[in-house]
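Please read the structure below before turning to the comments.
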Amino acid sequence: MASRTLKNLAEKDQPVLAKPKTRKTSNTKGSLWSLFMVLVAPPSLSLTIIYLFGSGRRYRALAKPSWFPSLTIIHLGSVGSTFLMSLAAWLVWTNDGFHVDSDALPLYIAQISLSMVWDPLVLRIGAVWLGFLFSMLNLGTLLACYWAFGKVNPLSKKFVKPCLTWVAYLTLVTFDLMFL
């Protein structure tokens, strides 16, 4: 009898939610608008930086090894990387990942900022040593994004992998530019 009373008390001590959990209804119009904004704003900003700052004549004039990319490839790769990271961030955002993992949003903003700074810093200003430092920071930030995004949405990790490859390649190019 005493065990029955304890069992009843244990059941009554369960926390009661103020509101029952309801399933979120998807707002298709809002989701499409957010997808449009996330996929258009960062690549547009990247294109604007490329247009405003362009690239200096120094990179074109260098006697580069054959594996160095042309300026067109660098610009297309940078915009493509920004697009893929934006898509990965949107996938994390739709799963409430920026609320679950508090590091995901600052890491994404830092990675996008570092990737946009590399082009004018290395190609226009010619600060290759500083550009290499920024490339290493960008690579580390991108790796942290890979881990943080993967915790929330495994599909978003697949969009970050090409960005990791691209930034690693640009880091290697920047390292070799220091000695040319």
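Scheme for the structure tokens: letters A, B, ... for chains in order shown; per-chain residue numbers from 1; ligand numbers from 1 in order shown.
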**Message:** With only C-alpha atoms as the counted atoms, please give the residues lying no more than 12 Å from Ile50 of chain A, apart from itself and same-chain residues fewer than 5 positions off, as a ChimeraX atom specification.
**Reply:** /A:43-45,55-56,71-72,74-79,115-121,123-124
**Prompt:** Near segment 85-102 of chain A, within 10 Å and counting only C-alpha atoms, which residues show up once chain neighbours fewer than 2 positions away are dropped, as number ranges by chain?
**Reply:** A: 31, 34-43, 79-83, 104-109, 111-112, 142, 145-146, 148-164
Take the residues that were just selected and, keeping C-alpha atoms, output them as a PDB file, in the first residue's frame.
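Heads up, here's the output in selection.pdb:
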```pdb
ATOM      1  CA  SER A  31      10.571  30.174 -45.660  1.00  0.00           C
ATOM      2  CA  SER A  34      14.244  33.761 -45.973  1.00  0.00           C
ATOM      3  CA  LEU A  35      15.828  31.329 -48.433  1.00  0.00           C
ATOM      4  CA  PHE A  36      15.888  34.051 -51.086  1.00  0.00           C
ATOM      5  CA  MET A  37      17.447  36.594 -48.709  1.00  0.00           C
ATOM      6  CA  VAL A  38      20.079  34.192 -47.397  1.00  0.00           C
ATOM      7  CA  LEU A  39      21.053  32.994 -50.852  1.00  0.00           C
ATOM      8  CA  VAL A  40      21.099  36.427 -52.481  1.00  0.00           C
ATOM      9  CA  ALA A  41      22.486  38.826 -49.857  1.00  0.00           C
ATOM     10  CA  PRO A  42      25.926  37.297 -49.055  1.00  0.00           C
ATOM     11  CA  PRO A  43      26.862  36.423 -52.672  1.00  0.00           C
ATOM     12  CA  VAL A  79      31.215  33.726 -54.777  1.00  0.00           C
ATOM     13  CA  GLY A  80      30.386  30.012 -55.038  1.00  0.00           C
ATOM     14  CA  SER A  81      31.843  29.339 -51.607  1.00  0.00           C
ATOM     15  CA  THR A  82      29.810  32.187 -50.133  1.00  0.00           C
ATOM     16  CA  PHE A  83      26.675  30.797 -51.800  1.00  0.00           C
ATOM     17  CA  ALA A 104      26.932  28.573 -35.054  1.00  0.00           C
ATOM     18  CA  LEU A 105      25.810  32.110 -35.947  1.00  0.00           C
ATOM     19  CA  PRO A 106      28.972  33.973 -34.820  1.00  0.00           C
ATOM     20  CA  LEU A 107      31.109  31.361 -36.581  1.00  0.00           C
ATOM     21  CA  TYR A 108      29.127  31.785 -39.802  1.00  0.00           C
ATOM     22  CA  ILE A 109      29.377  35.587 -39.677  1.00  0.00           C
ATOM     23  CA  GLN A 111      33.699  32.951 -41.793  1.00  0.00           C
ATOM     24  CA  ILE A 112      31.781  35.029 -44.342  1.00  0.00           C
ATOM     25  CA  LEU A 142      35.245  27.089 -41.458  1.00  0.00           C
ATOM     26  CA  CYS A 145      31.362  25.832 -38.759  1.00  0.00           C
ATOM     27  CA  TYR A 146      31.593  22.328 -40.201  1.00  0.00           C
ATOM     28  CA  ALA A 148      28.734  23.221 -35.407  1.00  0.00           C
ATOM     29  CA  PHE A 149      26.506  22.914 -38.491  1.00  0.00           C
ATOM     30  CA  GLY A 150      26.879  19.127 -38.533  1.00  0.00           C
ATOM     31  CA  LYS A 151      25.447  18.865 -35.019  1.00  0.00           C
ATOM     32  CA  VAL A 152      22.243  20.536 -36.177  1.00  0.00           C
ATOM     33  CA  ASN A 153      21.775  19.343 -39.754  1.00  0.00           C
ATOM     34  CA  PRO A 154      23.999  16.648 -41.299  1.00  0.00           C
ATOM     35  CA  LEU A 155      23.102  17.834 -44.815  1.00  0.00           C
ATOM     36  CA  SER A 156      24.612  21.246 -44.129  1.00  0.00           C
ATOM     37  CA  LYS A 157      28.002  19.576 -43.534  1.00  0.00           C
ATOM     38  CA  LYS A 158      27.953  18.421 -47.151  1.00  0.00           C
ATOM     39  CA  PHE A 159      27.646  22.033 -48.332  1.00  0.00           C
ATOM     40  CA  VAL A 160      30.547  23.134 -46.131  1.00  0.00           C
ATOM     41  CA  LYS A 161      32.980  20.495 -47.478  1.00  0.00           C
ATOM     42  CA  PRO A 162      33.576  22.208 -50.873  1.00  0.00           C
ATOM     43  CA  CYS A 163      34.091  25.483 -49.016  1.00  0.00           C
ATOM     44  CA  LEU A 164      36.723  23.811 -46.833  1.00  0.00           C
TER      45      LEU A 164
END
```
**Request:** List every residue of chain A that DSSP, applied to the backbone, labels as alpha helix (DSSP H), and write the result as a PyMOL selection string.
**Result:** chain A and resi 2-12+28-53+57-61+71-94+97-100+104-118+128-152+154-177
Excluding Leu177 of chain A and any residue of its chain fewer than 4 positions from it, enumerate the residues within 12 Å of it, using only C-alpha atoms, and give them as a PDB file with C-alpha atoms, in the first residue's frame.
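Written output follows (selection27.pdb):
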```
ATOM      1  CA  ARG A  58      50.411  42.604 -59.323  1.00  0.00           C
ATOM      2  CA  TYR A  59      48.783  39.156 -59.295  1.00  0.00           C
ATOM      3  CA  LEU A  62      53.506  37.504 -61.319  1.00  0.00           C
ATOM      4  CA  ALA A  63      55.261  34.537 -62.853  1.00  0.00           C
ATOM      5  CA  LYS A  64      53.029  31.939 -61.222  1.00  0.00           C
ATOM      6  CA  PRO A  65      53.181  28.157 -61.261  1.00  0.00           C
ATOM      7  CA  PHE A  68      47.722  28.930 -59.520  1.00  0.00           C
ATOM      8  CA  PRO A  69      44.147  29.932 -60.389  1.00  0.00           C
ATOM      9  CA  VAL A 122      45.783  39.794 -51.014  1.00  0.00           C
ATOM     10  CA  LEU A 123      44.937  40.678 -54.602  1.00  0.00           C
ATOM     11  CA  GLY A 126      49.177  42.940 -51.727  1.00  0.00           C
ATOM     12  CA  ALA A 127      49.413  42.240 -47.981  1.00  0.00           C
ATOM     13  CA  VAL A 128      50.213  38.565 -48.505  1.00  0.00           C
ATOM     14  CA  TRP A 129      51.487  37.830 -44.977  1.00  0.00           C
ATOM     15  CA  LEU A 130      48.360  39.302 -43.450  1.00  0.00           C
ATOM     16  CA  GLY A 131      46.283  37.507 -46.101  1.00  0.00           C
ATOM     17  CA  PHE A 132      47.893  34.208 -45.091  1.00  0.00           C
ATOM     18  CA  LEU A 170      43.480  29.525 -51.330  1.00  0.00           C
ATOM     19  CA  THR A 171      45.539  29.191 -48.151  1.00  0.00           C
ATOM     20  CA  LEU A 172      48.112  27.173 -50.061  1.00  0.00           C
ATOM     21  CA  VAL A 173      48.127  29.739 -52.886  1.00  0.00           C
TER      22      VAL A 173
END
```
**Message:** Rounded to one decimal, what separation in Å do you get between atom CA of Val167 of chain A and atom CA of Leu139 of chain A?
**Reply:** 6.1 Å
**Message:** What's the separation between atom CA of Leu133 of chain A and atom CA of Ser46 of chain A, in Å to one decimal place?
**Reply:** 20.0 Å
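Between atom CA of Leu143 of chain A and atom CA of Ser70 of chain A the interatomic distance comes to 25.6 Å.
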